[in-house]
Every structure is written in structure tokens, then in C-alpha cells.
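What follows is the content of final_18.txt, which has compact mmCIF, C-alpha atoms:
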```
# COMPACT_ATOMS: atom_id res chain seq x y z
CA MET Q 168 17.83 -6.86 19.80
CA PRO Q 169 20.00 -5.86 16.81
CA ALA Q 170 19.90 -7.96 13.68
CA THR Q 171 22.75 -10.44 13.26
CA PHE Q 172 23.16 -13.04 10.57
CA ASP Q 173 25.65 -15.14 8.69
CA GLU Q 174 26.30 -13.60 5.26
CA THR Q 175 26.61 -17.06 3.69
CA ALA Q 176 23.63 -18.63 5.44
CA GLN Q 177 20.92 -20.16 3.26
CA SER Q 178 17.32 -19.96 4.45
CA THR Q 179 15.47 -23.26 4.23
CA THR Q 180 12.30 -21.22 3.76
CA TRP Q 181 13.76 -19.46 0.71
CA ASP Q 182 15.00 -22.77 -0.70
CA ARG Q 183 11.57 -24.36 -0.37
CA ALA Q 184 9.84 -21.31 -1.81
CA ARG Q 185 12.11 -21.20 -4.88
CA GLU Q 186 11.20 -24.79 -5.63
CA VAL Q 187 7.55 -23.96 -6.20
CA VAL Q 188 7.26 -20.15 -6.64
CA PRO Q 189 9.13 -18.17 -9.35
CA ARG Q 190 12.17 -16.63 -7.59
CA GLY Q 191 10.53 -17.67 -4.32
CA VAL Q 192 8.00 -14.84 -4.07
CA SER Q 193 4.84 -13.65 -5.81
CA SER Q 194 5.88 -9.97 -5.87
CA GLY Q 195 9.19 -8.93 -7.36
CA HIS Q 196 10.14 -6.30 -4.77
CA ARG Q 197 10.48 -9.04 -2.12
CA VAL Q 198 13.42 -10.60 -3.98
CA GLY Q 199 16.89 -9.70 -2.73
CA TRP Q 200 16.35 -10.15 1.00
CA ARG Q 201 17.84 -13.00 3.03
CA GLN Q 202 15.36 -12.37 5.81
CA VAL Q 203 12.02 -14.14 6.14
CA LEU Q 204 9.68 -12.13 8.37
CA VAL Q 205 7.38 -14.17 10.59
CA LYS Q 206 5.96 -11.71 13.12
CA ALA Q 207 4.82 -8.08 13.14
CA SER Q 208 3.49 -5.76 15.82
CA GLY Q 209 3.25 -1.98 16.00
CA ALA Q 210 6.44 -0.45 14.63
CA TYR Q 211 8.39 -3.73 14.55
CA VAL Q 212 8.84 -6.92 12.55
CA TRP Q 213 10.77 -10.09 13.43
CA ASP Q 214 12.53 -12.57 11.16
CA GLU Q 215 12.56 -16.34 11.53
CA ASP Q 216 15.91 -16.16 13.36
CA GLY Q 217 14.38 -13.98 16.08
CA ASN Q 218 15.92 -10.66 15.02
CA ARG Q 219 13.73 -7.61 15.58
CA TYR Q 220 13.68 -4.66 13.17
CA THR Q 221 12.11 -1.22 13.40
CA ASP Q 222 10.11 -1.18 10.20
CA TYR Q 223 10.40 1.81 7.87
CA LEU Q 224 9.34 -0.14 4.80
CA ASN Q 225 5.82 -0.78 6.12
CA ALA Q 226 5.00 -2.95 3.07
CA TRP Q 227 5.64 0.09 0.81
CA GLY Q 228 2.88 2.08 2.48
CA PRO Q 229 -0.17 0.10 3.59
CA ILE Q 230 0.78 -0.11 7.27
CA VAL Q 231 -0.13 3.36 8.53
CA LEU Q 232 -1.52 2.79 12.03
CA GLY Q 233 0.92 0.02 12.93
CA HIS Q 234 1.31 -3.68 12.26
CA CYS Q 235 -1.48 -5.99 13.41
CA ASP Q 236 -3.54 -3.16 14.85
CA ARG Q 237 -5.98 -4.88 17.19
CA ARG Q 238 -8.81 -2.39 16.57
CA VAL Q 239 -8.68 -2.94 12.82
CA ASN Q 240 -8.37 -6.69 13.14
CA GLU Q 241 -11.35 -6.89 15.48
CA ALA Q 242 -13.46 -4.99 12.95
CA VAL Q 243 -12.38 -7.46 10.28
CA PHE Q 244 -13.16 -10.47 12.49
CA GLN Q 245 -16.63 -9.09 13.14
CA ALA Q 246 -17.23 -8.68 9.40
CA VAL Q 247 -15.91 -12.17 8.66
CA ASN Q 248 -18.25 -13.67 11.23
CA THR Q 249 -21.30 -11.67 10.12
CA CYS Q 250 -21.54 -11.78 6.32
CA ASP Q 251 -18.78 -12.92 3.97
CA LEU Q 252 -18.72 -12.76 0.16
CA THR Q 253 -22.16 -12.97 -1.42
CA GLY Q 254 -21.88 -11.51 -4.92
CA VAL Q 255 -25.22 -9.73 -4.54
CA GLY Q 256 -25.86 -5.98 -4.22
CA PRO Q 257 -23.86 -3.39 -2.28
CA GLN Q 258 -21.96 -4.39 0.82
CA ARG Q 259 -23.00 -2.33 3.83
CA GLY Q 260 -19.47 -1.12 4.39
CA GLU Q 261 -19.16 -0.19 0.73
CA TYR Q 262 -21.39 2.85 0.78
CA GLU Q 263 -20.27 3.82 4.30
CA LEU Q 264 -16.65 3.97 3.16
CA ALA Q 265 -17.54 5.75 -0.08
CA GLU Q 266 -19.45 8.38 1.92
CA LYS Q 267 -16.40 9.01 4.09
CA ILE Q 268 -14.07 9.33 1.12
CA CYS Q 269 -16.42 11.74 -0.63
CA GLU Q 270 -16.34 13.89 2.51
CA VAL Q 271 -12.55 14.15 2.75
CA MET Q 272 -11.15 13.84 -0.81
CA PRO Q 273 -11.68 16.93 -3.01
CA SER Q 274 -12.02 14.99 -6.29
CA ALA Q 275 -14.44 12.39 -4.95
CA GLN Q 276 -18.11 12.62 -5.86
CA LYS Q 277 -18.38 8.89 -6.55
CA VAL Q 278 -16.08 6.03 -5.51
CA ALA Q 279 -15.66 2.48 -6.84
CA PHE Q 280 -13.54 -0.15 -5.08
CA CYS Q 281 -11.15 -2.80 -6.37
CA THR Q 282 -8.25 -4.79 -4.93
CA SER Q 283 -4.97 -3.16 -6.00
CA GLY Q 284 -3.41 0.03 -7.29
CA THR Q 285 -2.86 -1.63 -10.66
CA ASP Q 286 -6.61 -2.30 -10.87
CA ALA Q 287 -7.40 1.30 -9.97
CA THR Q 288 -5.12 2.85 -12.60
CA MET Q 289 -6.36 0.40 -15.23
CA HIS Q 290 -9.93 1.47 -14.57
CA ALA Q 291 -8.84 5.12 -14.69
CA VAL Q 292 -7.49 4.61 -18.21
CA HIS Q 293 -10.69 2.86 -19.29
CA VAL Q 294 -12.92 5.59 -17.88
CA ALA Q 295 -10.84 8.34 -19.50
CA ARG Q 296 -10.96 6.62 -22.88
CA ALA Q 297 -14.69 5.95 -22.62
CA ALA Q 298 -15.35 9.57 -21.67
CA THR Q 299 -13.13 11.23 -24.30
CA GLY Q 300 -13.10 8.76 -27.19
CA ARG Q 301 -9.33 9.17 -27.33
CA LEU Q 302 -6.53 6.63 -26.87
CA LYS Q 303 -3.26 8.25 -25.79
CA VAL Q 304 -2.08 8.60 -22.19
CA LEU Q 305 0.50 11.04 -20.85
CA LYS Q 306 2.63 10.15 -17.83
CA PHE Q 307 5.89 11.24 -16.21
CA HIS Q 308 9.27 9.57 -16.53
CA GLY Q 309 10.00 7.23 -13.63
CA SER Q 310 6.50 7.21 -12.18
CA TYR Q 311 5.12 3.72 -11.65
CA HIS Q 312 1.35 3.33 -12.01
CA GLY Q 313 0.98 -0.44 -11.87
CA TRP Q 314 1.46 -3.28 -14.33
CA ASN Q 315 -1.36 -2.90 -16.81
CA ASP Q 316 -0.04 -2.25 -20.32
CA HIS Q 317 -1.61 1.20 -20.61
CA VAL Q 318 0.75 2.81 -18.10
CA ALA Q 319 3.59 0.29 -17.60
CA VAL Q 320 5.90 2.46 -19.68
CA GLY Q 321 8.59 4.97 -18.83
CA SER Q 322 9.86 3.85 -15.43
CA SER Q 323 12.30 1.08 -16.33
CA ARG Q 324 15.50 1.27 -14.30
CA ALA Q 325 17.49 -1.54 -15.89
CA ASP Q 326 17.96 0.19 -19.24
CA LEU Q 327 18.17 3.80 -18.03
CA THR Q 328 21.03 5.89 -19.38
CA THR Q 329 21.55 9.62 -19.77
CA THR Q 330 20.26 9.36 -23.34
CA SER Q 331 17.76 6.47 -23.20
CA ALA Q 332 14.27 7.04 -24.55
CA LEU Q 333 11.62 8.16 -22.08
CA ASN Q 334 8.90 5.75 -23.21
CA THR Q 335 10.63 2.41 -22.71
CA PRO Q 336 8.50 -0.55 -21.52
CA ASN Q 337 8.81 -1.36 -17.82
CA GLY Q 338 9.19 -5.09 -18.40
CA GLY Q 339 8.83 -8.03 -20.74
CA GLY Q 340 5.48 -9.20 -22.03
CA LEU Q 341 3.96 -5.76 -22.53
CA HIS Q 342 2.20 -5.30 -25.84
CA PRO Q 343 4.58 -3.26 -28.03
CA ALA Q 344 1.75 -1.33 -29.68
CA VAL Q 345 0.78 0.18 -26.33
CA VAL Q 346 4.08 2.06 -26.07
CA GLY Q 347 3.11 4.17 -29.07
CA ASP Q 348 0.05 5.43 -27.21
CA VAL Q 349 1.99 6.58 -24.14
CA VAL Q 350 3.53 10.05 -24.09
CA VAL Q 351 6.25 10.33 -21.44
CA VAL Q 352 7.51 13.65 -20.06
CA GLU Q 353 10.31 14.28 -17.56
CA TRP Q 354 8.97 15.31 -14.15
CA ASN Q 355 9.28 19.06 -13.52
CA ASP Q 356 10.04 19.78 -17.20
CA PHE Q 357 7.77 22.76 -17.92
CA ASP Q 358 8.82 23.13 -21.55
CA GLY Q 359 8.57 19.40 -22.19
CA LEU Q 360 5.06 19.34 -20.76
CA ARG Q 361 3.92 22.24 -22.91
CA ALA Q 362 5.46 20.63 -26.00
CA ALA Q 363 3.76 17.29 -25.28
CA PHE Q 364 0.34 18.95 -25.08
CA ALA Q 365 1.03 21.06 -28.16
CA GLU Q 366 1.78 17.89 -30.15
CA HIS Q 367 -0.61 15.39 -28.61
CA GLY Q 368 -3.22 17.38 -26.66
CA ASP Q 369 -6.15 16.57 -28.93
CA ALA Q 370 -5.30 12.84 -28.86
CA LEU Q 371 -4.79 12.46 -25.10
CA ALA Q 372 -7.46 10.73 -23.07
CA ALA Q 373 -5.68 11.12 -19.73
CA ALA Q 374 -2.63 12.54 -18.01
CA PHE Q 375 -1.35 10.53 -15.05
CA ALA Q 376 0.71 12.08 -12.27
CA GLU Q 377 1.80 11.43 -8.72
CA GLY Q 378 1.08 14.81 -7.16
CA TYR Q 379 4.11 14.11 -4.98
CA VAL Q 380 6.41 11.52 -6.54
CA HIS Q 381 7.27 8.45 -4.48
CA SER Q 382 8.15 6.11 -7.36
CA PHE Q 383 11.79 7.19 -7.17
CA GLY Q 384 11.96 8.40 -3.59
CA CYS Q 385 10.47 11.70 -2.50
CA VAL Q 386 10.43 14.36 -5.23
CA ALA Q 387 8.04 17.29 -5.08
CA ALA Q 388 6.67 19.20 -8.04
CA LYS Q 389 8.36 22.54 -8.62
CA PRO Q 390 6.19 25.58 -7.86
CA GLY Q 391 3.64 25.99 -10.63
CA PHE Q 392 4.19 22.60 -12.28
CA LEU Q 393 0.98 20.94 -11.07
CA GLU Q 394 -0.90 24.14 -11.81
CA LEU Q 395 0.41 24.05 -15.40
CA LEU Q 396 -0.59 20.39 -15.73
CA ARG Q 397 -4.12 21.15 -14.50
CA GLU Q 398 -4.39 24.12 -16.86
CA LEU Q 399 -3.26 22.14 -19.90
CA CYS Q 400 -5.57 19.23 -19.14
CA THR Q 401 -8.56 21.53 -18.78
CA ALA Q 402 -7.72 23.46 -21.96
CA ASN Q 403 -7.34 20.26 -24.00
CA GLY Q 404 -10.23 18.24 -22.55
CA VAL Q 405 -7.82 15.71 -21.01
CA VAL Q 406 -8.75 13.76 -17.87
CA LEU Q 407 -6.26 14.53 -15.11
CA VAL Q 408 -5.61 11.42 -13.00
CA PHE Q 409 -3.74 11.65 -9.72
CA ASP Q 410 -2.09 8.41 -8.62
CA GLU Q 411 -2.51 8.67 -4.84
CA VAL Q 412 -1.92 5.00 -4.18
CA LYS Q 413 0.96 5.99 -1.88
CA THR Q 414 -0.06 9.50 -0.78
CA GLY Q 415 -3.76 8.85 -0.23
CA PHE Q 416 -4.65 8.42 3.44
CA ARG Q 417 -0.98 8.85 4.38
CA ALA Q 418 0.13 12.34 3.32
CA ALA Q 419 -3.30 13.48 4.52
CA ILE Q 420 -6.68 11.83 4.95
CA GLY Q 421 -7.86 13.70 1.84
CA GLY Q 422 -4.75 12.78 -0.13
CA TYR Q 423 -1.99 15.00 -1.46
CA GLN Q 424 -4.59 16.91 -3.50
CA SER Q 425 -5.91 18.32 -0.23
CA ILE Q 426 -2.42 19.66 0.51
CA CYS Q 427 -1.41 21.04 -2.89
CA GLY Q 428 -4.81 22.49 -3.75
CA ILE Q 429 -4.94 20.93 -7.23
CA THR Q 430 -8.04 18.83 -7.81
CA PRO Q 431 -7.76 16.04 -10.39
CA ASP Q 432 -10.66 14.60 -12.35
CA LEU Q 433 -9.96 11.05 -11.18
CA THR Q 434 -7.97 9.69 -8.25
CA ALA Q 435 -6.53 6.18 -7.92
CA PHE Q 436 -5.91 5.22 -4.30
CA GLY Q 437 -5.01 2.18 -2.18
CA LYS Q 438 -2.39 1.00 0.32
CA ALA Q 439 -2.87 2.96 3.58
CA ILE Q 440 -6.66 3.09 3.39
CA ALA Q 441 -7.07 -0.33 5.04
CA ASN Q 442 -3.87 -0.65 7.13
CA GLY Q 443 -2.64 -3.70 5.23
CA TYR Q 444 -5.83 -5.30 3.96
CA SER Q 445 -6.20 -5.48 0.17
CA LEU Q 446 -8.28 -2.53 -0.96
CA ALA Q 447 -7.93 0.13 -3.62
CA GLY Q 448 -10.28 2.31 -5.57
CA LEU Q 449 -11.06 5.01 -8.06
CA ALA Q 450 -12.72 8.31 -7.13
CA GLY Q 451 -13.91 11.09 -9.37
CA SER Q 452 -16.65 13.33 -10.61
CA ASP Q 453 -20.22 12.15 -11.15
CA ASP Q 454 -19.84 12.61 -14.88
CA LEU Q 455 -16.67 10.56 -15.27
CA MET Q 456 -17.57 7.85 -12.79
CA GLY Q 457 -20.87 7.49 -14.64
CA HIS Q 458 -18.91 5.79 -17.42
CA LEU Q 459 -18.31 2.78 -15.17
CA GLY Q 460 -20.78 0.05 -16.07
CA ALA Q 461 -20.70 -3.55 -17.19
CA TYR Q 462 -20.41 -5.31 -20.52
CA THR Q 463 -21.46 -2.61 -22.96
CA LYS Q 464 -19.50 -1.07 -25.83
CA ASP Q 465 -19.92 2.46 -24.44
CA GLU Q 466 -19.17 1.92 -20.77
CA ALA Q 467 -15.97 1.01 -18.94
CA THR Q 468 -16.56 -2.31 -17.23
CA ILE Q 469 -15.69 -2.70 -13.57
CA ASP Q 470 -16.13 -6.20 -12.28
CA GLY Q 471 -14.33 -8.45 -9.82
CA THR Q 472 -15.34 -11.10 -7.33
CA TYR Q 473 -13.21 -9.55 -4.60
CA ASN Q 474 -13.93 -5.89 -5.36
CA ALA Q 475 -15.14 -4.25 -2.13
CA SER Q 476 -14.79 -7.42 -0.07
CA PRO Q 477 -16.49 -7.07 3.33
CA TYR Q 478 -13.23 -7.78 5.16
CA ALA Q 479 -11.24 -5.02 3.46
CA LEU Q 480 -14.13 -2.58 3.78
CA ALA Q 481 -14.36 -3.24 7.52
CA ALA Q 482 -10.62 -2.63 7.85
CA ALA Q 483 -10.81 0.60 5.88
CA ASN Q 484 -13.81 1.98 7.74
CA LYS Q 485 -12.10 1.33 11.06
CA THR Q 486 -8.79 2.74 9.81
CA LEU Q 487 -10.40 6.01 8.73
CA GLU Q 488 -12.35 6.20 11.98
CA ILE Q 489 -9.09 5.87 13.94
CA MET Q 490 -7.36 8.41 11.70
CA GLU Q 491 -10.03 10.97 12.50
CA SER Q 492 -10.48 10.24 16.20
CA ASP Q 493 -6.82 9.73 17.19
CA ASP Q 494 -5.36 12.64 15.19
CA VAL Q 495 -3.04 10.17 13.49
CA PHE Q 496 -1.67 12.68 11.00
CA THR Q 497 -0.31 15.00 13.69
CA THR Q 498 1.73 12.07 14.99
CA LEU Q 499 2.84 10.92 11.53
CA HIS Q 500 3.93 14.39 10.44
CA ALA Q 501 5.71 15.21 13.71
CA ARG Q 502 7.68 11.95 13.73
CA GLY Q 503 8.49 12.27 10.03
CA ALA Q 504 9.66 15.86 10.41
CA ARG Q 505 11.92 14.89 13.32
CA MET Q 506 13.35 12.00 11.30
CA ARG Q 507 14.20 14.21 8.33
CA GLU Q 508 15.64 16.93 10.54
CA GLY Q 509 17.77 14.44 12.44
CA ILE Q 510 19.03 12.71 9.28
CA GLN Q 511 20.02 16.05 7.76
CA GLN Q 512 21.88 16.95 10.95
CA ALA Q 513 23.69 13.62 10.83
CA ILE Q 514 24.61 14.21 7.17
CA ASP Q 515 25.96 17.66 8.00
CA GLU Q 516 27.94 16.37 10.99
CA ALA Q 517 29.46 13.58 8.89
CA GLY Q 518 30.23 15.88 5.97
CA ALA Q 519 28.57 13.30 3.74
CA VAL Q 520 27.62 13.98 0.14
CA ALA Q 521 23.95 13.24 0.70
CA THR Q 522 20.60 14.90 1.16
CA VAL Q 523 17.25 13.97 2.63
CA THR Q 524 13.83 14.88 1.25
CA GLY Q 525 10.32 13.89 2.17
CA LEU Q 526 6.73 14.62 3.04
CA GLY Q 527 4.72 13.86 6.16
CA SER Q 528 5.70 10.44 7.46
CA GLU Q 529 7.95 9.63 4.47
CA TRP Q 530 11.53 10.39 3.45
CA CYS Q 531 14.35 9.38 1.14
CA VAL Q 532 18.13 9.71 1.50
CA TYR Q 533 19.93 10.43 -1.78
CA PHE Q 534 23.70 10.02 -1.95
CA ARG Q 535 24.21 13.02 -4.22
CA ASP Q 536 25.01 16.65 -3.53
CA GLU Q 537 21.52 18.05 -4.05
CA ALA Q 538 17.93 16.85 -4.05
CA PRO Q 539 16.83 15.45 -7.41
CA ALA Q 540 14.13 17.13 -9.48
CA ASN Q 541 13.40 14.19 -11.79
CA PHE Q 542 13.96 10.48 -12.44
CA ARG Q 543 17.37 10.67 -14.14
CA GLU Q 544 18.75 12.83 -11.35
CA ALA Q 545 17.33 10.53 -8.66
CA MET Q 546 18.95 7.52 -10.31
CA GLN Q 547 22.32 9.23 -10.02
CA SER Q 548 22.31 8.61 -6.27
CA ASP Q 549 25.49 6.68 -5.41
CA GLY Q 550 24.38 3.04 -5.28
CA GLU Q 551 27.57 1.66 -3.72
CA ARG Q 552 27.49 4.10 -0.82
CA TYR Q 553 23.79 3.46 -0.34
CA ALA Q 554 24.44 -0.30 -0.23
CA ARG Q 555 26.90 0.19 2.65
CA TYR Q 556 24.49 2.56 4.39
CA HIS Q 557 21.61 0.11 4.03
CA ALA Q 558 23.68 -2.87 5.20
CA SER Q 559 24.74 -0.99 8.32
CA LEU Q 560 21.17 -0.01 9.16
CA LEU Q 561 19.92 -3.55 8.63
CA ALA Q 562 22.64 -4.97 10.88
CA GLN Q 563 21.52 -2.48 13.55
CA GLY Q 564 17.90 -3.62 13.31
CA VAL Q 565 16.55 -0.89 11.01
CA LEU Q 566 14.50 -2.11 8.03
CA GLU Q 567 14.47 0.20 5.02
CA PRO Q 568 14.23 -0.24 1.21
CA ALA Q 569 17.14 -2.12 -0.32
CA PHE Q 570 17.69 0.21 -3.27
CA PRO Q 571 18.85 3.87 -3.38
CA THR Q 572 15.62 5.49 -4.60
CA GLY Q 573 13.23 3.65 -2.30
CA ASP Q 574 10.93 5.83 -0.22
CA ARG Q 575 10.57 4.89 3.41
CA ARG Q 576 7.98 5.75 6.00
CA LEU Q 577 7.08 5.29 9.64
CA ASN Q 578 3.71 4.35 11.06
CA ALA Q 579 1.65 5.82 13.88
CA ALA Q 580 2.98 3.23 16.34
CA THR Q 581 6.55 4.49 15.82
CA SER Q 582 7.55 6.25 19.03
CA GLU Q 583 9.77 9.25 19.64
CA ALA Q 584 12.24 6.84 21.22
CA ASP Q 585 12.20 4.71 18.06
CA VAL Q 586 13.02 7.78 15.97
CA GLU Q 587 15.88 8.89 18.22
CA LYS Q 588 17.35 5.40 18.31
CA THR Q 589 17.12 5.20 14.53
CA LEU Q 590 18.96 8.51 14.18
CA GLU Q 591 21.85 7.07 16.19
CA CYS Q 592 21.87 4.13 13.77
CA VAL Q 593 21.88 6.58 10.84
CA ARG Q 594 25.00 8.30 12.22
CA ARG Q 595 26.83 4.97 12.34
CA ALA Q 596 25.51 4.00 8.91
CA LEU Q 597 26.77 7.25 7.36
CA ARG Q 598 30.24 6.47 8.70
CA ALA Q 599 29.98 2.97 7.21
CA ALA Q 600 28.88 4.44 3.87
CA ALA Q 601 31.96 6.65 3.74
CA ASP Q 602 34.42 3.76 4.28
```
Show how you would write the structure in this file as C-alpha cells.
Amino acid sequence: MPATFDETAQSTTWDRAREVVPRGVSSGHRVGWRQVLVKASGAYVWDEDGNRYTDYLNAWGPIVLGHCDRRVNEAVFQAVNTCDLTGVGPQRGEYELAEKICEVMPSAQKVAFCTSGTDATMHAVHVARAATGRLKVLKFHGSYHGWNDHVAVGSSRADLTTTSALNTPNGGGLHPAVVGDVVVVEWNDFDGLRAAFAEHGDALAAAFAEGYVHSFGCVAAKPGFLELLRELCTANGVVLVFDEVKTGFRAAIGGYQSICGITPDLTAFGKAIANGYSLAGLAGSDDLMGHLGAYTKDEATIDGTYNASPYALAAANKTLEIMESDDVFTTLHARGARMREGIQQAIDEAGAVATVTGLGSEWCVYFRDEAPANFREAMQSDGERYARYHASLLAQGVLEPAFPTGDRRLNAATSEADVEKTLECVRRALRAAAD
């Protein structure tokens, strides 16, 4: 059933939510939708008016097997009914999951769990500073690594211009002194990267990177760029941190590092590992992870009542088991490749000024004449045309990100028929975008 709605309609749910929750939601990316989703299953979600959508948002990445996967939920129910939070010792599922991750992720010799990607990157900064005795952090322009002050710099969209500074705060309330300790480099800028290390190399504790950038769509590193980053980090004693919150357990079970062949010192992960349950973590070498402790001046504290909750661990253990037994990644990559191929064909047939990029199960459509290589180029995607494209897809029952640089992805429950039907919707949406 295609989505239909009155443009002027007001949702009672939204009205009630705005009365008691800032802007109506507890996570900013959910603002801007009229829809209120009330049901999910497999590749689909339904709103409170009964409209069904094929979901290519998938909660920005966590839903990898499919919504409300019965096998995962049953594992969670069993955990809930066996032993809930205790606050004492290791959870059984904790070491089982860590063992699996150490088997599949190249950088993982030890693993610690937390609840969100922001937690994981915060702990990565703390570990790097504890290990090196340095303060500064290097990151890439446009890459989002969570909302802790240490890395919430350099990906603001609201104030971006062709000449704006790279290290602008991402939002209000960040401590202004932190900005001075963050070195921001444009993605794929070889000379800029070398210059940053030449000036700051002996003061850098860590360098953060998405091995494959999803913060502003789907932008790969140019050949040799990740190799240069690894080389410079090693030469300067800087901890290389890969943010695999989006690519971990989605691009491959071992993360993007298992594809590109570059092994970081620390890896922050989350999202797809538990198919929608709240779990994230930090993986790394024995030496670095040995700096995680509790309440001492020399160790980086990791503490949290809900870290490694038995429910999320059960979900993650079952999710990884299914990934390995059902050959999930063959399905994800095949469907994703067909989607990108079909979208590019539709673009060519329409003569549209647009391009599609992507990796595995993910893709992004940019309304510009060539694929972007960095944040400023990605943000030059035509927003007005994308708005028409997005509105047409939504009206046809296709749920995708609402802004031009949003990455989208399918899940393992997405069928070949879903993909082909979506490609027909894309053809109509491209015509709508051109009007």
C-alpha cells in the first residue's frame, strides 16, 4: 500500500509529544517527519495511519537482519527470563561475544562493551590519552563521532561555507577549550594530512577516521589515503582509531578494516551488532585496552550500569550467529549492488545530474555531476532536487533519509522483489526531481 497523507495534517501524537519532550523526540534526527511509525517487520515499517513503507533508513544502521527478527527476540526473551541486571562480575554473554569479535575483527585482542557509539568514541579518546600522555585529537572534516566534547567538532552543517573553518563545534554547549585540541583535516587531502602531522604529530594522542565515510553519505578513501594515515600514526606514536559504528558488522562481519586491509589500534563499534538492541563497544590491542580500569589517575575509567546488559548481549550473540550461519553478507552485498546498479541505470536513462555511490548494503544518491571526495563537495548536492526526489519516494512508500547526504541501507529481509519495486519508484522520483 503506497503512502498517502494530507500535507497539512497535524499528528495528535506529535502534538502530545511536543508538550512534554523537547521538539517531540529524544534524538534530533527524528525531527522533520510527519509520520509516526507504530509497527515494524522484516523490510517494512508502518505509520499510525496504516501506510506501509519499505525501510531503507533502518534506524541509521542497527537493523541488519530485519525488523523484529524473531530469532533475536527469542534469545533476548530467554536472557530476560533467566538473569537480568546484577551489577556483579562478568555476564556470561559478555565473554562469549568478546571471543567472537576477537575472532573476526583484525584489531580486536580485547573488547569492552558500552551502550552507544558516543560512549565508545569517548572511551577511545580516554584510552589514547592515558596511553600516550598527550591531549590533541585529529579527525576528518564532516565525520561525526558522537556527542562527547572531544570529537564533536568539524562536522557542523548549519554554518558550512566554502571558506568556513574546519574545526567548528558541532553544536551549542560544547566546551570552547576543547576545539583547540582538535585538529581537523579534509577527507582525502593527502597534503593536508601530512601537514597536520608535521605540525601536531608529537602532540596527538589519537587520529579518528571512518575507514569508509558514512557521515555525509558514502565516500571512500582515495587509493593510498588510509595507508598514509596508518603510516603517519605509527611514525608519530599516535593511536589510530577507526569509527566502525556504521560499518562494523554491516560492511563485513569483521568491519571495514577486514576489507581495506588497514588495521587500527582501536575500533569503536555499535549499531548492527545487536540488530536494534542498544550495544556498542571498543576493541583494540592488549596494551591499549589494558589502560581501561576504574577510578585511578593513570587508568581510563569505564563504568556504566547498563554496559554489557544481558539483553543486548543475547541479541548480539544471536545476531552474529545468524550472520555466520545464514551467509547474511552475501545477501546484503548482492541486494546492495543491484540497487546501486539499478539507480545508476535510472539516472542515465533520465539524463539526471546525479550519481550513486556506496558499499555493501549501503548507498547514497548525490544530485551533482560527480561523486564527492570530501565533506564540502558532498554538501554541494542539490538540496531542492533531493527534496523533490525524497518526497516522491516517500509518497510511493519508500522510506529513506530526509536530507541529501544521508546514507541509506537495506537489511537481509529485503527481497529481490523489494529492490526491483524500489527501482521503479526511483525512476518516477527522478522525473519528479527534474520538474
Neighbour residues at most 8 Å from (12.6, 4.1, -6.1) (only C-alpha atoms) as a tab-separated table (two decimals) with C-alpha atoms, in the frame of the given file:
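point_10.tsv, freshly written:
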```tsv
chain	number	residue	atom	x	y	z
Q	381	HIS	CA	7.27	8.45	-4.48
Q	382	SER	CA	8.15	6.11	-7.36
Q	383	PHE	CA	11.79	7.19	-7.17
Q	384	GLY	CA	11.96	8.40	-3.59
Q	570	PHE	CA	17.69	0.21	-3.27
Q	571	PRO	CA	18.85	3.87	-3.38
Q	572	THR	CA	15.62	5.49	-4.60
Q	573	GLY	CA	13.23	3.65	-2.30
Q	574	ASP	CA	10.93	5.83	-0.22
```
TODO: Fewer than 3 positions away in the same chain doesn't count, so skip those; otherwise give me all residues within 8 Å of Thr522 in chain Q, counting only C-alpha atoms, as JSON, numbers by chain.
DONE: {"Q": [511, 514, 532, 533, 534, 535, 536, 537, 538]}
Open item on the list: Report, in Å to a single decimal, how far apart CA of Pro336 in chain Q and CA of Ala319 in chain Q are.
Closed with: 6.3 Å
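A straight line drawn from CA of Leu577 in chain Q to CA of Ala600 in chain Q is 22.6 Å long.
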Would you tabulate, counting all atoms listed in the file, all residues of range 478-593 of chain Q that have an atom at most 8 Å from an atom of range 406-428 of chain Q, showing the closest pair of atoms and their distance in Å to one decimal, sorted by chain then ascending number, as a tab-separated table?
```
residue	atom	partner	partner_atom	distance
Q:Leu487	CA	Q:Ile420	CA	7.9
Q:Met490	CA	Q:Ile420	CA	7.6
Q:Phe496	CA	Q:Ala419	CA	6.7
Q:Leu526	CA	Q:Ala418	CA	7.0
Q:Gly527	CA	Q:Ala418	CA	5.6
Q:Ser528	CA	Q:Ala418	CA	7.2
```
Task: Selected residue, from Q:Cys531, Q:Ala601, Q:Asp369, Q:Trp314, that lies nearest to Arg552 in chain Q when counting all atoms listed in the file - done: Q:Ala601
Open item on the list: Show me, as a ChimeraX atom specification, the residues that have an atom within 8 Å of range 446-461 of chain Q when counting only C-alpha atoms, minus same-chain residues fewer than 5 positions from it.
Closed with: /Q:274-284,286-288,290-291,294-295,297-298,412,431-438,440-441,466-470,474-475,479-480,483
Open item on the list: Considering only C-alpha atoms, can you say which of Q:Ala558, Q:Ala373, Q:Ala325, Q:Cys385 comes closest to Arg575 in chain Q?
Closed with: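 Closest to Arg575 in chain Q, using only C-alpha atoms: Q:Cys385.
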Open item on the list: With distances taken over only C-alpha atoms, which residue among Q:Asn315, Q:Thr249, Q:Thr328, Q:Ser322 lies nearest Leu341 in chain Q?
Closed with: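 That would be Q:Asn315, the residue with the smallest distance to Leu341 in chain Q.
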TODO: Work out how far CA of Asn248 in chain Q is from CA of Tyr211 in chain Q, in Å to one decimal.
DONE: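 Computed distance, CA of Tyr211 in chain Q to CA of Asn248 in chain Q, equals 28.6 Å.
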Task: Shell of 6 Å around range 332-334 of chain Q, all atoms listed in the file, local chain residues under 3 positions omitted, as a ChimeraX atom specification - done: /Q:320-321,351
For range 438-443 of chain Q, take all atoms listed in the file, fit an axis-aligned box around them, add 5 Å to each of the six sides, then output centre and edge lengths in Å rounded to one decimal, as AutoDock Vina command-line options.
```
--center_x -4.7 --center_y -0.3 --center_z 3.7 --size_x 14.7 --size_y 16.8 --size_z 16.8
```
Open item on the list: Given only C-alpha atoms as the basis, pick out the residue of Q:Ala517, Q:Arg555, Q:His308, Q:Ala504 nearest to Ser331 in chain Q.
Closed with: Q:His308
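Residue nearest Ala388 in chain Q within the list Q:Asn541, Q:Thr329, Q:Thr299, Q:Gln202: Q:Asn541 [criterion: smallest interatomic distance, all atoms listed in the file].
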TODO: May I have the residues within 9 Å of Val345 in chain Q as a list of chain:residue names, using only C-alpha atoms and disregarding those fewer than 5 positions away in the same chain?
DONE: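 These residues fall inside the cut-off: Q:Asp316, Q:His317, Q:Val318, Q:Val320.
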Let's have the selection written as a compact mmCIF listing (two decimals), in the coordinates of the input, with C-alpha atoms.
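Now in result.txt:
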```txt
# COMPACT_ATOMS: atom_id res chain seq x y z
CA ASP Q 316 -0.04 -2.25 -20.32
CA HIS Q 317 -1.61 1.20 -20.61
CA VAL Q 318 0.75 2.81 -18.10
CA VAL Q 320 5.90 2.46 -19.68
```
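For range 360-368 of chain Q, the set of protein, DNA and RNA residues having any atom at most 9 Å away, when counting all atoms listed in the file and skipping those fewer than 6 positions along the same chain, is Q:Lys303, Q:Leu305, Q:Val350, Q:Val351, Q:Val352, Q:Glu353, Q:Trp354, Q:Leu395, Q:Leu396, Q:Leu399, Q:Cys400, Q:Ala402, Q:Asn403, Q:Gly404, Q:Val405.
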Open item on the list: Restricting the calculation to all atoms listed in the file: of Q:Gly518, Q:Pro477, Q:Gly564, Q:Gly233, which residue gets closest to Thr253 in chain Q?
Closed with: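 Looking at the shortest contact to Thr253 in chain Q, the residue is Q:Pro477.
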